[in-house]
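Here's model-v5.cif, which has mmCIF, C-alpha atoms:
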data_entry
loop_
_atom_site.label_atom_id
_atom_site.label_comp_id
_atom_site.auth_asym_id
_atom_site.auth_seq_id
_atom_site.Cartn_x
_atom_site.Cartn_y
_atom_site.Cartn_z
CA MET C 4 -11.57 23.07 8.41
CA THR C 5 -10.70 19.49 9.23
CA LYS C 6 -8.18 19.29 12.07
CA ILE C 7 -5.34 16.88 11.27
CA PHE C 8 -2.55 15.64 13.52
CA ILE C 9 0.38 13.59 12.20
CA ASP C 10 1.88 11.52 15.00
CA GLY C 11 5.32 10.61 13.70
CA SER C 12 5.70 13.45 11.24
CA GLN C 13 9.48 13.05 10.92
CA GLY C 14 9.41 9.58 9.35
CA THR C 15 9.34 8.97 5.59
CA THR C 16 5.55 8.47 5.36
CA GLY C 17 4.79 11.25 7.85
CA LEU C 18 6.88 13.74 5.91
CA LYS C 19 5.18 12.77 2.64
CA ILE C 20 1.73 13.18 4.17
CA PHE C 21 2.76 16.57 5.57
CA GLU C 22 3.98 17.67 2.12
CA ARG C 23 0.65 16.73 0.56
CA PHE C 24 -1.20 19.14 2.86
CA LYS C 25 0.80 22.23 1.87
CA ASN C 26 -1.70 23.43 -0.72
CA ARG C 27 -4.91 22.22 0.96
CA SER C 28 -7.06 25.06 2.27
CA ASP C 29 -9.54 22.61 3.85
CA ILE C 30 -6.98 21.24 6.33
CA GLU C 31 -5.75 22.67 9.64
CA LEU C 32 -2.59 20.92 10.76
CA LEU C 33 -2.12 20.50 14.49
CA LYS C 34 1.61 20.60 15.13
CA ILE C 35 3.57 19.26 18.07
CA ASP C 36 6.66 21.00 19.42
CA SER C 37 9.80 19.07 18.48
CA ASP C 38 10.78 18.62 22.14
CA LYS C 39 7.38 17.06 22.93
CA ARG C 40 7.20 14.47 20.16
CA LYS C 41 7.49 11.67 22.74
CA ASP C 42 5.44 13.41 25.44
CA LEU C 43 2.39 11.16 26.00
CA ALA C 44 0.23 13.89 27.46
CA GLU C 45 0.87 16.28 24.57
CA ARG C 46 0.34 13.55 21.98
CA ALA C 47 -2.91 12.54 23.70
CA ARG C 48 -4.11 16.14 23.69
CA LEU C 49 -3.51 16.58 19.96
CA ILE C 50 -4.92 13.17 19.03
CA ASN C 51 -8.15 13.94 20.86
CA GLU C 52 -8.39 17.48 19.52
CA SER C 53 -8.05 16.27 15.94
CA ASP C 54 -10.74 15.10 13.56
CA ILE C 55 -8.22 12.69 12.03
CA THR C 56 -4.84 11.57 13.33
CA PHE C 57 -2.35 9.84 11.06
CA LEU C 58 -0.08 7.40 12.86
CA CYS C 59 3.30 7.21 11.12
CA LEU C 60 5.02 5.24 13.84
CA PRO C 61 6.53 1.83 14.60
CA ASP C 62 3.96 -0.82 15.55
CA ALA C 63 4.39 -0.58 19.32
CA ALA C 64 4.11 3.22 19.27
CA SER C 65 0.98 3.02 17.09
CA ILE C 66 -0.67 0.65 19.54
CA GLU C 67 0.28 3.04 22.35
CA ALA C 68 -1.18 6.01 20.43
CA VAL C 69 -4.51 4.25 19.93
CA SER C 70 -4.69 3.63 23.67
CA LEU C 71 -4.58 7.41 24.19
CA VAL C 72 -7.84 8.03 22.31
CA THR C 73 -10.70 9.24 24.50
CA ASN C 74 -12.62 11.22 21.88
CA ASP C 75 -15.08 8.81 20.27
CA ASP C 76 -15.32 11.00 17.17
CA ALA C 77 -11.58 11.10 16.46
CA LYS C 78 -10.63 9.01 13.44
CA ILE C 79 -7.29 7.19 13.34
CA ILE C 80 -5.49 6.33 10.10
CA ASP C 81 -2.59 4.03 10.94
CA THR C 82 0.22 3.52 8.43
CA SER C 83 2.02 0.89 10.55
CA THR C 84 1.65 -2.89 10.40
CA ALA C 85 -0.02 -3.05 13.81
CA HIS C 86 -3.74 -3.04 12.95
CA ARG C 87 -4.08 -4.22 9.35
CA THR C 88 -5.73 -7.53 10.23
CA GLU C 89 -7.37 -6.48 13.50
CA ASP C 90 -11.14 -6.59 14.08
CA GLY C 91 -12.74 -3.17 14.13
CA TRP C 92 -10.28 -1.73 11.64
CA ALA C 93 -11.06 -0.90 8.01
CA TYR C 94 -8.42 -2.09 5.54
CA GLY C 95 -7.55 0.92 3.44
CA PHE C 96 -7.79 -0.45 -0.11
CA PRO C 97 -11.27 0.68 -1.27
CA GLU C 98 -10.88 -0.65 -4.83
CA LEU C 99 -10.67 -4.29 -3.75
CA ASP C 100 -14.38 -4.55 -3.00
CA ALA C 101 -17.34 -2.33 -2.10
CA SER C 102 -17.26 -3.69 1.45
CA PHE C 103 -13.74 -2.28 1.93
CA GLU C 104 -14.82 1.18 0.80
CA GLU C 105 -17.91 1.10 3.02
CA LYS C 106 -15.80 0.37 6.10
CA ILE C 107 -13.43 3.23 5.25
CA LYS C 108 -16.47 5.53 5.09
CA THR C 109 -17.96 4.39 8.38
CA TYR C 110 -15.18 3.15 10.67
CA ASN C 111 -13.15 5.44 12.93
CA ARG C 112 -10.15 3.12 12.66
CA ILE C 113 -8.46 2.71 9.27
CA ALA C 114 -5.29 0.72 8.59
CA VAL C 115 -3.29 1.72 5.50
CA PRO C 116 -2.03 -1.35 3.58
CA GLY C 117 1.65 -2.22 3.28
CA CYS C 118 3.25 -1.36 -0.05
CA TYR C 119 4.02 -4.93 -1.15
CA ALA C 120 0.67 -6.11 0.22
CA SER C 121 -1.12 -3.50 -1.91
CA GLY C 122 0.36 -4.93 -5.09
CA PHE C 123 -0.13 -8.53 -3.99
CA ASN C 124 -3.76 -8.11 -2.90
CA SER C 125 -4.63 -6.11 -6.01
CA ILE C 126 -3.77 -9.29 -7.95
CA VAL C 127 -4.66 -12.20 -5.66
CA TYR C 128 -7.89 -10.90 -4.12
CA PRO C 129 -9.72 -10.90 -7.52
CA LEU C 130 -8.22 -14.30 -8.41
CA VAL C 131 -9.66 -15.89 -5.26
CA LYS C 132 -12.93 -13.91 -5.26
CA HIS C 133 -13.78 -14.91 -8.83
CA GLY C 134 -12.80 -18.54 -8.35
CA ILE C 135 -9.83 -18.47 -10.73
CA ILE C 136 -7.52 -20.00 -8.13
CA ALA C 137 -8.41 -22.04 -5.06
CA ALA C 138 -7.65 -20.67 -1.61
CA ASP C 139 -4.91 -23.31 -1.25
CA TYR C 140 -3.19 -22.44 -4.56
CA PRO C 141 0.61 -22.30 -4.02
CA VAL C 142 1.04 -18.61 -4.83
CA THR C 143 4.52 -17.28 -5.55
CA CYS C 144 5.15 -13.54 -5.54
CA TYR C 145 8.31 -11.64 -6.41
CA ALA C 146 8.68 -7.88 -6.24
CA MET C 147 11.03 -4.96 -6.83
CA SER C 148 10.96 -1.76 -4.77
CA GLY C 149 12.83 1.52 -4.70
CA TYR C 150 15.02 2.10 -1.67
CA THR C 151 12.71 4.72 -0.11
CA GLY C 152 10.64 1.81 1.16
CA ALA C 153 13.51 0.96 3.53
CA GLY C 154 12.88 3.98 5.76
CA LYS C 155 15.25 6.70 6.92
CA LYS C 156 18.18 4.41 7.70
CA GLY C 157 17.86 2.57 4.41
CA ILE C 158 17.60 5.81 2.44
CA ALA C 159 20.71 7.18 4.16
CA GLN C 160 22.57 3.97 3.34
CA TYR C 161 21.70 4.19 -0.36
CA GLU C 162 22.42 7.92 -0.61
CA ASP C 163 25.80 7.71 1.15
CA ASN C 164 28.61 8.63 -1.25
CA ASN C 165 30.81 5.98 0.38
CA ARG C 166 28.26 3.19 0.27
CA ASP C 167 29.03 -0.48 -0.32
CA ASP C 168 29.24 -1.57 -3.98
CA GLU C 169 26.65 -4.25 -3.29
CA LEU C 170 23.99 -1.56 -3.20
CA ASP C 171 24.50 -1.00 -6.93
CA SER C 172 22.57 -4.20 -7.62
CA PRO C 173 19.08 -5.42 -6.66
CA ARG C 174 19.17 -7.22 -3.31
CA GLN C 175 16.75 -9.95 -2.34
CA TYR C 176 15.76 -9.99 1.32
CA ALA C 177 13.24 -11.55 3.76
CA LEU C 178 15.13 -14.76 3.10
CA THR C 179 13.49 -16.59 6.02
CA GLN C 180 10.04 -16.06 4.47
CA GLN C 181 8.96 -13.98 7.47
CA HIS C 182 8.32 -10.58 5.84
CA LYS C 183 6.04 -8.37 7.96
CA HIS C 184 3.54 -7.92 5.09
CA LEU C 185 2.85 -11.65 4.75
CA LYS C 186 0.18 -11.63 7.45
CA GLU C 187 -2.05 -9.15 5.62
CA MET C 188 -1.19 -10.60 2.21
CA ASN C 189 -2.56 -13.91 3.39
CA ALA C 190 -5.55 -12.63 5.38
CA ILE C 191 -6.87 -9.99 2.97
CA SER C 192 -6.45 -12.04 -0.22
CA GLY C 193 -8.48 -14.95 1.14
CA LEU C 194 -5.68 -17.48 0.77
CA GLU C 195 -5.48 -20.45 3.11
CA ARG C 196 -1.84 -21.15 2.24
CA VAL C 197 0.88 -18.60 3.06
CA PRO C 198 2.41 -17.41 -0.24
CA PHE C 199 6.08 -17.66 -1.14
CA PHE C 200 7.34 -14.09 -1.24
CA ALA C 201 10.64 -12.86 -2.71
CA PRO C 202 11.04 -9.06 -2.37
CA HIS C 203 14.02 -7.08 -3.72
CA ILE C 204 15.26 -3.61 -2.83
CA CYS C 205 16.88 -1.77 -5.73
CA ASP C 206 19.07 1.24 -6.45
CA TYR C 207 16.42 3.80 -7.42
CA PRO C 208 14.29 5.98 -5.13
CA CYS C 209 10.61 5.29 -5.81
CA GLY C 210 8.45 2.76 -7.60
CA MET C 211 7.43 -0.85 -7.26
CA VAL C 212 6.47 -3.85 -9.38
CA VAL C 213 4.77 -6.82 -7.72
CA SER C 214 4.42 -9.96 -9.86
CA VAL C 215 2.43 -13.18 -9.46
CA PRO C 216 3.01 -15.99 -12.00
CA LEU C 217 0.21 -18.50 -12.61
CA PHE C 218 0.20 -21.99 -14.09
CA ALA C 219 -3.07 -22.34 -15.98
CA ASP C 220 -3.31 -26.09 -15.36
CA LEU C 221 -3.33 -25.44 -11.59
CA MET C 222 -6.16 -22.92 -11.76
CA LYS C 223 -9.51 -23.77 -10.18
CA THR C 224 -11.15 -22.29 -13.27
CA ARG C 225 -8.84 -22.37 -16.25
CA VAL C 226 -8.97 -19.19 -18.31
CA SER C 227 -6.86 -17.78 -21.11
CA LYS C 228 -4.67 -14.71 -20.76
CA GLY C 229 -7.28 -12.60 -22.55
CA GLU C 230 -10.13 -13.94 -20.42
CA LEU C 231 -8.17 -13.17 -17.26
CA GLN C 232 -7.59 -9.62 -18.46
CA GLN C 233 -11.34 -9.22 -18.88
CA ILE C 234 -12.01 -10.52 -15.38
CA PHE C 235 -9.59 -7.96 -13.92
CA ALA C 236 -10.99 -5.17 -16.10
CA GLU C 237 -14.52 -5.91 -14.89
CA HIS C 238 -13.44 -6.25 -11.26
CA TYR C 239 -11.82 -2.79 -11.30
CA ALA C 240 -14.27 -1.14 -13.69
CA GLY C 241 -14.81 2.50 -12.75
CA LYS C 242 -11.92 2.48 -10.25
CA GLU C 243 -9.77 5.46 -11.18
CA PHE C 244 -6.94 4.44 -8.85
CA VAL C 245 -6.46 1.01 -10.46
CA LYS C 246 -5.93 0.84 -14.21
CA VAL C 247 -6.13 -2.57 -15.90
CA ARG C 248 -4.20 -2.47 -19.16
CA GLU C 249 -4.94 -4.37 -22.34
CA CYS C 250 -2.87 -7.49 -23.00
CA GLY C 251 0.40 -6.53 -24.68
CA TYR C 252 0.32 -2.97 -23.32
CA ASN C 253 4.08 -3.32 -22.67
CA GLU C 254 5.62 -5.45 -25.40
CA ASN C 255 9.06 -6.13 -23.95
CA MET C 256 9.75 -4.79 -20.46
CA ILE C 257 8.02 -3.37 -17.40
CA GLY C 258 10.02 -0.73 -15.55
CA SER C 259 9.57 -0.51 -11.81
CA ASN C 260 10.03 3.25 -11.44
CA ASN C 261 7.61 4.51 -14.10
CA PHE C 262 4.89 5.32 -11.57
CA ALA C 263 7.13 7.37 -9.28
CA GLY C 264 5.25 10.43 -8.06
CA ARG C 265 1.84 8.95 -8.85
CA ASP C 266 -0.92 7.75 -6.54
CA ASP C 267 -2.58 5.23 -8.83
CA MET C 268 -1.74 1.67 -9.80
CA GLU C 269 -1.45 -0.29 -13.04
CA ILE C 270 -2.25 -4.00 -13.50
CA GLU C 271 -1.09 -5.86 -16.57
CA ILE C 272 -1.51 -9.43 -17.82
CA ASN C 273 1.33 -11.02 -19.79
CA GLY C 274 2.72 -14.47 -20.58
CA ASN C 275 0.70 -17.02 -22.56
CA ASP C 276 -2.32 -19.22 -22.03
CA ASP C 277 -0.27 -21.83 -20.13
CA ARG C 278 1.89 -19.56 -17.96
CA ILE C 279 0.34 -16.20 -17.14
CA LEU C 280 2.13 -13.32 -15.43
CA VAL C 281 0.10 -10.70 -13.55
CA THR C 282 1.92 -7.54 -12.47
CA SER C 283 0.95 -4.54 -10.38
CA ARG C 284 2.98 -1.36 -10.77
CA PHE C 285 2.79 1.74 -8.53
CA ASP C 286 4.81 4.09 -6.33
CA ASN C 287 5.75 2.53 -3.00
CA LEU C 288 5.35 6.00 -1.42
CA GLY C 289 2.14 6.76 -3.35
CA LYS C 290 -0.53 4.07 -3.61
CA GLY C 291 1.83 2.05 -1.43
CA ALA C 292 1.94 4.51 1.50
CA SER C 293 1.11 8.23 1.86
CA GLY C 294 -1.06 8.43 -1.26
CA ALA C 295 -3.20 5.55 0.02
CA ALA C 296 -3.44 7.24 3.43
CA ILE C 297 -4.70 10.50 1.89
CA GLU C 298 -7.15 8.60 -0.33
CA CYS C 299 -8.57 6.92 2.79
CA MET C 300 -8.84 10.29 4.53
CA ASN C 301 -10.70 11.79 1.57
CA ILE C 302 -13.18 8.91 1.53
CA ALA C 303 -13.66 9.07 5.30
CA LEU C 304 -14.43 12.80 5.02
CA GLY C 305 -16.88 12.31 2.14
CA LEU C 306 -14.62 14.12 -0.33
CA ASP C 307 -13.65 13.14 -3.86
CA ALA C 308 -11.08 10.39 -3.28
CA LYS C 309 -8.70 12.05 -5.77
CA THR C 310 -8.45 15.34 -3.86
CA GLY C 311 -4.81 16.40 -3.54
CA LEU C 312 -3.55 13.28 -5.32
CA ASN C 313 -1.83 12.65 -8.65
CA LEU C 314 -3.45 10.14 -11.00
CA GLY C 315 -1.82 9.67 -14.38
CA ASP C 316 -3.35 8.57 -17.67
#

Rewrite the structure of this file - the entire thing - as structure tokens.
Amino acid sequence: MTKIFIDGSQGTTGLKIFERFKNRSDIELLKIDSDKRKDLAERARLINESDITFLCLPDAASIEAVSLVTNDDAKIIDTSTAHRTEDGWAYGFPELDASFEEKIKTYNRIAVPGCYASGFNSIVYPLVKHGIIAADYPVTCYAMSGYTGAGKKGIAQYEDNNRDDELDSPRQYALTQQHKHLKEMNAISGLERVPFFAPHICDYPCGMVVSVPLFADLMKTRVSKGELQQIFAEHYAGKEFVKVRECGYNENMIGSNNFAGRDDMEIEINGNDDRILVTSRFDNLGKGASGAAIECMNIALGLDAKTGLNLGD
């Protein structure tokens, strides 16, 4: 059996990864005593005894954990922000391009994408790659996420019976345009200009919609809404984790919690031939976090990428 250690198993992502292993007979979980969770020597022992270690830690702690690796065969899958744009690390979104999947298969260091960045790059990477927009296109992105993306403290705040009334409404944040996902959004997509990003946290647990509006007259290669849908469909052809819908799939509204509990993603093209809206919908804890981490693990182990994951229709 594959030996797995989760360093940071008490955080939101760590707990979700742990839950996903409950019914897997091919996995042996290496567990750390609760009183030794911050013991460097014990963490180092388990990291180096494992075949794969998941890091579900703050950035500084993830960097520290990587420094403890002495076993050249131990694979690290990091869910933090620390290594997503670092040399020597595979970026864990295999559907973006064959080169991403190949690195996940062959590298011993894999960085799981951020939730917002997953939605953003699923849209913008194909636009830049296929020459639809120039690398200096002024991209604007707005997004809605369930409150589980805010971590333990944020979840407790939303689930407090005596919470502030403001939490009843969507709240826009990252007002200084310094969100921690911007670095990978910019680097992975191929943009030369940092995008404008307006994320919102909302009063529901799980699910996310990331939207990028496009002005057709600013495109490098002007295409119609239907032509753009075809470009996305061809780019993600055969990718079971990313479903490109037909134009008009949703006639009126796109809910942001419909993919809760799923590990796949849906891309849809709306608007008209002058102003086109591209949306990516998924679970911020699924394809946006623990689901993506497990998918990367499956690929790294040579398994079917869908093993232990939930893909809808």

Region 255-262 of chain C: which residues within 8 Å, counting all atoms listed in the file, same-chain residues fewer than 6 positions away excluded, as a PyMOL selection string?
chain C and resi 147-149+207+209-212+268+284-286

Among the residues C:Leu178, C:Ala120, C:Ile302, C:Ala159, the one that comes closest to Asn287 (chain C) [using only C-alpha atoms]
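Ranked by minimum distance to Asn287 (chain C), first place goes to C:Ala120.
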
I need the residue set behind the PyMOL selection byres ((chain C and resi 7) around 12) for this file; please write it as an mmCIF file with C-alpha atoms, in the coordinates of the input.
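Dumped to selection-v4.cif:
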data_model
loop_
_atom_site.group_PDB
_atom_site.id
_atom_site.type_symbol
_atom_site.label_atom_id
_atom_site.label_comp_id
_atom_site.auth_asym_id
_atom_site.auth_seq_id
_atom_site.Cartn_x
_atom_site.Cartn_y
_atom_site.Cartn_z
ATOM 1 C CA MET C 4 -11.570 23.070 8.410
ATOM 2 C CA THR C 5 -10.700 19.490 9.230
ATOM 3 C CA LYS C 6 -8.180 19.290 12.070
ATOM 4 C CA PHE C 8 -2.550 15.640 13.520
ATOM 5 C CA ILE C 9 0.380 13.590 12.200
ATOM 6 C CA ASP C 10 1.880 11.520 15.000
ATOM 7 C CA SER C 12 5.700 13.450 11.240
ATOM 8 C CA ILE C 20 1.730 13.180 4.170
ATOM 9 C CA PHE C 21 2.760 16.570 5.570
ATOM 10 C CA PHE C 24 -1.200 19.140 2.860
ATOM 11 C CA ARG C 27 -4.910 22.220 0.960
ATOM 12 C CA ASP C 29 -9.540 22.610 3.850
ATOM 13 C CA ILE C 30 -6.980 21.240 6.330
ATOM 14 C CA GLU C 31 -5.750 22.670 9.640
ATOM 15 C CA LEU C 32 -2.590 20.920 10.760
ATOM 16 C CA LEU C 33 -2.120 20.500 14.490
ATOM 17 C CA LYS C 34 1.610 20.600 15.130
ATOM 18 C CA ILE C 35 3.570 19.260 18.070
ATOM 19 C CA LEU C 49 -3.510 16.580 19.960
ATOM 20 C CA ILE C 50 -4.920 13.170 19.030
ATOM 21 C CA ASN C 51 -8.150 13.940 20.860
ATOM 22 C CA GLU C 52 -8.390 17.480 19.520
ATOM 23 C CA SER C 53 -8.050 16.270 15.940
ATOM 24 C CA ASP C 54 -10.740 15.100 13.560
ATOM 25 C CA ILE C 55 -8.220 12.690 12.030
ATOM 26 C CA THR C 56 -4.840 11.570 13.330
ATOM 27 C CA PHE C 57 -2.350 9.840 11.060
ATOM 28 C CA LEU C 58 -0.080 7.400 12.860
ATOM 29 C CA ALA C 77 -11.580 11.100 16.460
ATOM 30 C CA LYS C 78 -10.630 9.010 13.440
ATOM 31 C CA ILE C 79 -7.290 7.190 13.340
ATOM 32 C CA ILE C 80 -5.490 6.330 10.100
ATOM 33 C CA ILE C 297 -4.700 10.500 1.890
ATOM 34 C CA MET C 300 -8.840 10.290 4.530
ATOM 35 C CA LEU C 304 -14.430 12.800 5.020
#

Which residues are close to Gln233 (chain C), i.e. within 12 Å by all atoms listed in the file, leaving aside same-chain residues fewer than 4 positions away? Reply as a list in words.
Pro129, His133, Val226, Ser227, Lys228, Gly229, Glu237, His238, Tyr239, Ala240, Val247, Arg248, Glu249, Cys250, Ile270, Glu271 and Ile272 of chain C

Quick one: of C:Leu231, C:Leu306, C:Leu60, C:Ile191, who's nearest to Phe96 (chain C), counting all atoms listed in the file?
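For Phe96 (chain C), the nearest of the given residues is C:Ile191.
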
Looking at C:Ile113, C:Leu71, C:Leu217, C:Ile136, which one is nearest to Glu45 (chain C), with distances taken over only C-alpha atoms?
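Closest to Glu45 (chain C), using only C-alpha atoms: C:Leu71.
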
Could you add the missing atoms to region 16-28 of chain C, up to N, CA, C and O atoms, and return them as a CSV table (one decimal), keeping the file's coordinate frame?
chain,number,residue,atom,x,y,z
C,16,THR,N,7.0,8.3,5.7
C,16,THR,CA,5.6,8.5,5.4
C,16,THR,C,5.0,9.7,6.0
C,16,THR,O,4.2,10.4,5.3
C,17,GLY,N,5.3,10.0,7.2
C,17,GLY,CA,4.8,11.2,7.8
C,17,GLY,C,5.2,12.5,7.1
C,17,GLY,O,4.4,13.4,6.9
C,18,LEU,N,6.4,12.6,6.7
C,18,LEU,CA,6.9,13.7,5.9
C,18,LEU,C,6.1,13.9,4.6
C,18,LEU,O,5.8,15.0,4.2
C,19,LYS,N,5.9,12.7,3.9
C,19,LYS,CA,5.2,12.8,2.6
C,19,LYS,C,3.7,13.2,2.8
C,19,LYS,O,3.2,14.0,2.0
C,20,ILE,N,3.1,12.7,3.9
C,20,ILE,CA,1.7,13.2,4.2
C,20,ILE,C,1.7,14.7,4.5
C,20,ILE,O,0.9,15.4,3.9
C,21,PHE,N,2.7,15.1,5.3
C,21,PHE,CA,2.8,16.6,5.6
C,21,PHE,C,2.9,17.4,4.3
C,21,PHE,O,2.2,18.4,4.1
C,22,GLU,N,3.8,16.9,3.4
C,22,GLU,CA,4.0,17.7,2.1
C,22,GLU,C,2.7,17.8,1.3
C,22,GLU,O,2.4,18.8,0.7
C,23,ARG,N,1.9,16.8,1.4
C,23,ARG,CA,0.6,16.7,0.6
C,23,ARG,C,-0.4,17.7,1.1
C,23,ARG,O,-1.4,18.0,0.4
C,24,PHE,N,-0.2,18.2,2.3
C,24,PHE,CA,-1.2,19.1,2.9
C,24,PHE,C,-0.8,20.6,2.6
C,24,PHE,O,-1.6,21.5,3.0
C,25,LYS,N,0.3,20.8,2.0
C,25,LYS,CA,0.8,22.2,1.9
C,25,LYS,C,-0.2,23.1,1.1
C,25,LYS,O,-0.3,24.3,1.5
C,26,ASN,N,-0.8,22.6,0.1
C,26,ASN,CA,-1.7,23.4,-0.7
C,26,ASN,C,-3.2,23.2,-0.5
C,26,ASN,O,-4.0,23.5,-1.3
C,27,ARG,N,-3.5,22.5,0.7
C,27,ARG,CA,-4.9,22.2,1.0
C,27,ARG,C,-5.5,23.2,1.9
C,27,ARG,O,-5.1,23.3,3.1
C,28,SER,N,-6.4,24.0,1.4
C,28,SER,CA,-7.1,25.1,2.3
C,28,SER,C,-8.1,24.5,3.2
C,28,SER,O,-8.7,25.2,4.0
